[in-house]
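These notes concern the structure reproduced below.
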Number of protein chains: 2
Amino acid sequence: MTTEAPDDTFHVFDTTLRDGAQREGINLTVADKLTIARHLDDFGVGFIEGGWPGANPRDTEFFERARKEIDFQHAQLVAFGSTRRAGVPAQTDPQVKALLDSQAPVVVLVAKSHDKHVELALRTTLEENLDMVRDTVSHLREQGRRVFVDCEHFFDGYHANPAYAKRVVRAAHEAGAEVVVLCDTNGGMLPAQIQAVVRTVLADTGARLGIHAQDDTGCAVANTLAAVDAGATHVQCTANGYGERVGNANLFPVVAALQLKYGKQVLPEGALRETTRISHAIAEVVNLTPSTHQPYVGTSAFAHKAGLHASAIKVDPDLYQHIDPELVGNTMRMLVSDMAGRASVELKGKELGYDLAGDRELVGRIVARVKEQELKGYTYEAADASFELLLRDEVHGGVTGVAPRFFRLESWRAIVEQRPDGTQANEATVKAWAKGERLVTTGEGNGPVNALDRALRAGLERIFPQLARLSLVDYKVRILEGTHGSSSTTRVLISMSDGSAEWSTVGVADNVIAASWQALDDAYTYGLLRAGVEPPE
Amino acid sequence: MTTEAPDDTFHVFDTTLRDGAQREGINLTVADKLTIARHLDDFGVGFIEGGWPGANPRDTEFFERARKEIDFQHAQLVAFGSTRRAGVPAQTDPQVKALLDSQAPVVVLVAKSHDKHVELALRTTLEENLDMVRDTVSHLREQGRRVFVDCEHFFDGYHANPAYAKRVVRAAHEAGAEVVVLCDTNGGMLPAQIQAVVRTVLADTGARLGIHAQDDTGCAVANTLAAVDAGATHVQCTANGYGERVGNANLFPVVAALQLKYGKQVLPEGALRETTRISHAIAEVVNLTPSTHQPYVGTSAFAHKAGLHASAIKVDPDLYQHIDPELVGNTMRMLVSDMAGRASVELKGKELGYDLAGDRELVGRIVARVKEQELKGYTYEAADASFELLLRDEVHGGVTGVAPRFFRLESWRAIVEQRPDGTQANEATVKAWAKGERLVTTGEGNGPVNALDRALRAGLERIFPQLARLSLVDYKVRILEGTHGSSSTTRVLISMSDGSAEWSTVGVADNVIAASWQALDDAYTYGLLRAGVEPPE
């Protein structure tokens, strides 16, 4: 089988890290941005717009670190910036220099294409704006960069003054911009308008065109596809549609439509099957609950509730789904039966090396327990290690909690205080049993969970020296019921690493510390299993 | 001023109570359905599909009570049901009888129009299916009902067997159905496909056509509008897009586009200004958090974060919004973040009632302080109250932390423990000063933050009885640097309410409890200011 990779004739361009970060509630650290860039590259987008180097120190640092730390397999890194300022040569404009300093091979320049914006916001002449576009594009091309130009407010500008809007496109095109991207910056357009304008501009300018749609009318995906219908060959999107105001065109339904409805291979072979996983992973990084009702990737996207549908689905699942959910890595769920649950438990078991297919009763028990746990707030999607412990426990017929247990907790206590001099202290004591020995240890930390972690390790490391190699690499807290204030259920997800592999565990409790304890307990138990320590009887 | 009411030439048809209720997580009581029906009538939709009388007792009861209890001003009530069963006269089919018994003036009949579905799911002949449509429509017309026919799976059916799909439309039309609704039941269509099929079917059958779109490709709003472009004059939607799987075409962006973009008056005069209120009210009834990023009505729909945008908005708000948010009852909001600059601080100040425009140095100080705080992990875009306290502090020239302070902390201590019997205890002690008095109070809770909150309130409520009205309504935790494990920086966002207004505050610290303390401190301080308590000198 040949691997057909998309070529340069169609661009999937992601701007999650730049435009997506404008979403209210998203605040990305450099580490977050690097993680998201890795996911996007993994997914196979052609371009990753990383930010605006020079505009803030975080974005500058991102480009420096991405260059060194990420070995991009599919994507080219893109720096975003603006055309030179009015009256200043591009060569000496510090903002343009920062774009070059970022060493990104591709630069996107935002240019004004709406006459009123040039005059009111940019406060310069229409002619100078054209020169700003030409000069900046030429300068960057001379420096060996690929250049795309984002025409901000293009569609509003086109309606106000079509001749000028097209002059901006021509100026960018003639100066060497590879793609001129028509942006519906205010998001007020509908597909028919987009299609008509893209078609005319393409015919009149001959420039290669791209589309950047915002979702203010709820039509960003359709607007993007309408532009493609009219001849655009470059689509700018964000993961999960994150972006300013309502958001941007959502990458996932756009690429799914292009591949599955248009039959256009725009991602590397096999990548589309990772859609659901990548969508959820990015939601985790930005710390937003994945939308359960997102097209293609939501947990409800292929869930069936209606009785009318359920009986038809028994005849033929394709009667009530527009695509096979596995094509985007999602699964069909019947909300009235555990059919889908059994199948995924079997598949997951197989993945972990357990053949469960022959044991219907065992699979049923595991499904029931997962459902019961998920009702309480646990999630195993992001906590493979906790799921494997649960599965092992059932395989070994255990009902005494999750087996095996290398240690048994007696009690713990955490004290957090802020002293009159403003300093803080965190101290935790753990009492536990391991290999017949009672451990009473205390740890200090810069937070109660850290103190608890240290106390537990202080006791266990003497008995299990293998623990010394383990470290916590991620720790996430989510309050599950937003309506009860600080008395809500808390879910903690922990990721632990032994230097080569990483695993995740989950804990749920009334309070963050108790939930953290559960996740820590699972994480160390799993770590000891991985290290080959023989579980006790 | 005349009130121009929409006439019968265009139908806004709502199916929140029938198709919307299929959404995973929605479970409506009869009382819920009555409340939603009142909101929808208030909003001015022409038709409210209430459910399937006879299919379940809840829906039967709904029709009985709606008839008696609701004095509909705009809407007609619609009963949903299916064509008669194969081989049974419509007159004697109990399901058809239930539709008449509901006494709804309008009936929607669902009919199969996909040949494969007729054979596989209905298990009858293609000819009998046509008879079932004709007989049922005729019978209901004879009984004085208006009849609309929903052609299920129309678009998939049309692609498989266009001749048969059109025969179903003709059969319904000729038997007296007023509107034949083409349904994209599986939701897999894109606007261009919808438009082409609607155009052809309209030309070939002469029937009045409607559209029912599902959102599985993320294009339901655009698909609905594409059908209108092609000549459909009846749109079926649900409030907030609720519905099976991903959901249905969202009523609000559909009517907003029709009125504001097409200039078509489809709601009573003035109704569109109620859009945001109605959307949120219905979300409350179905007990789902209103989507913050829903087009037109989301709290983020007109929120601006980027510095680039903020400076332009100062010049002219219309430069960065596609409509005046008041047209749909929403408002513009400026988010303060480190991406924003002076312009957004000035605008935010204005929103809060401070005129900062004249004082460049003060604005500069506020911007600098916001940036410095955001570097530490604070975020003000989701913490308006903390931002206002910061702003007040700078306005009053203070550098002693955030002024005013009604109380001063001496120290606090929280103890969390898991006892050997498995039970947990959470206890906190707070030592603070207020109005010259030293307070030493202890609180218990189901988590350390809850205990801390209670201890603080126990002390302060005696001195500030106004606090009794305040309650915590949301609590969010975010660990900021994912790579440092449990020793990371923690950010807490708290929302507090006094019953009429809600405000949000932020705290950042090494540990979750210290961060929570800061956010609580701001939240109570702000609450006291709002309650009109005079700040101390």
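Here, A, B, ... name the chains of the structure tokens in the order displayed, residue numbers run from 1 inside each chain, and ligands are numbered from 1 in the same displayed order.
Least-squares fitting of chain A to chain B, using every C-alpha atom paired in order, leaves a residual RMSD of 6.3 Å.
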Identify all chain A residues at most 6 Å from chain B by counting only C-alpha atoms; ligands do not count. Present them as a VMD selection string. chain A and resid 121 186 188 216 to 219 222 245 to 246 293 295 300 to 303 312 320 to 322 410 to 420 447 450 472 to 475 482 to 483 485 to 487 511
So which residues touch Pro465 (chain B) within 12 Å, counting only C-alpha atoms, skipping near sequence neighbours fewer than 5 positions away, as a compact mmCIF listing (two decimals) with C-alpha atoms, in the first residue's frame?
```txt
# COMPACT_ATOMS: atom_id res chain seq x y z
CA ARG B 457 -17.22 33.88 56.65
CA ALA B 458 -17.77 32.78 60.24
CA GLY B 459 -15.47 35.60 61.32
CA LEU B 460 -16.54 38.30 58.89
CA LEU B 470 -23.11 36.15 49.01
CA TYR B 524 -15.52 39.14 49.41
CA GLY B 527 -18.92 41.88 47.29
CA LEU B 528 -18.68 44.34 50.15
CA ALA B 531 -23.13 46.03 48.83
CA VAL B 533 -20.10 49.14 52.50
```
Please return, as a PyMOL selection string, all residues of region 110-277 of chain A that DSSP assigns to strand (DSSP E or B) on the basis of the backbone. chain A and resi 110-112+146-152+179-184+209-214+234-238+248+250
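Between CA of Phe72 (chain B) and CA of Asp41 (chain B) the separation is 6.3 Å.
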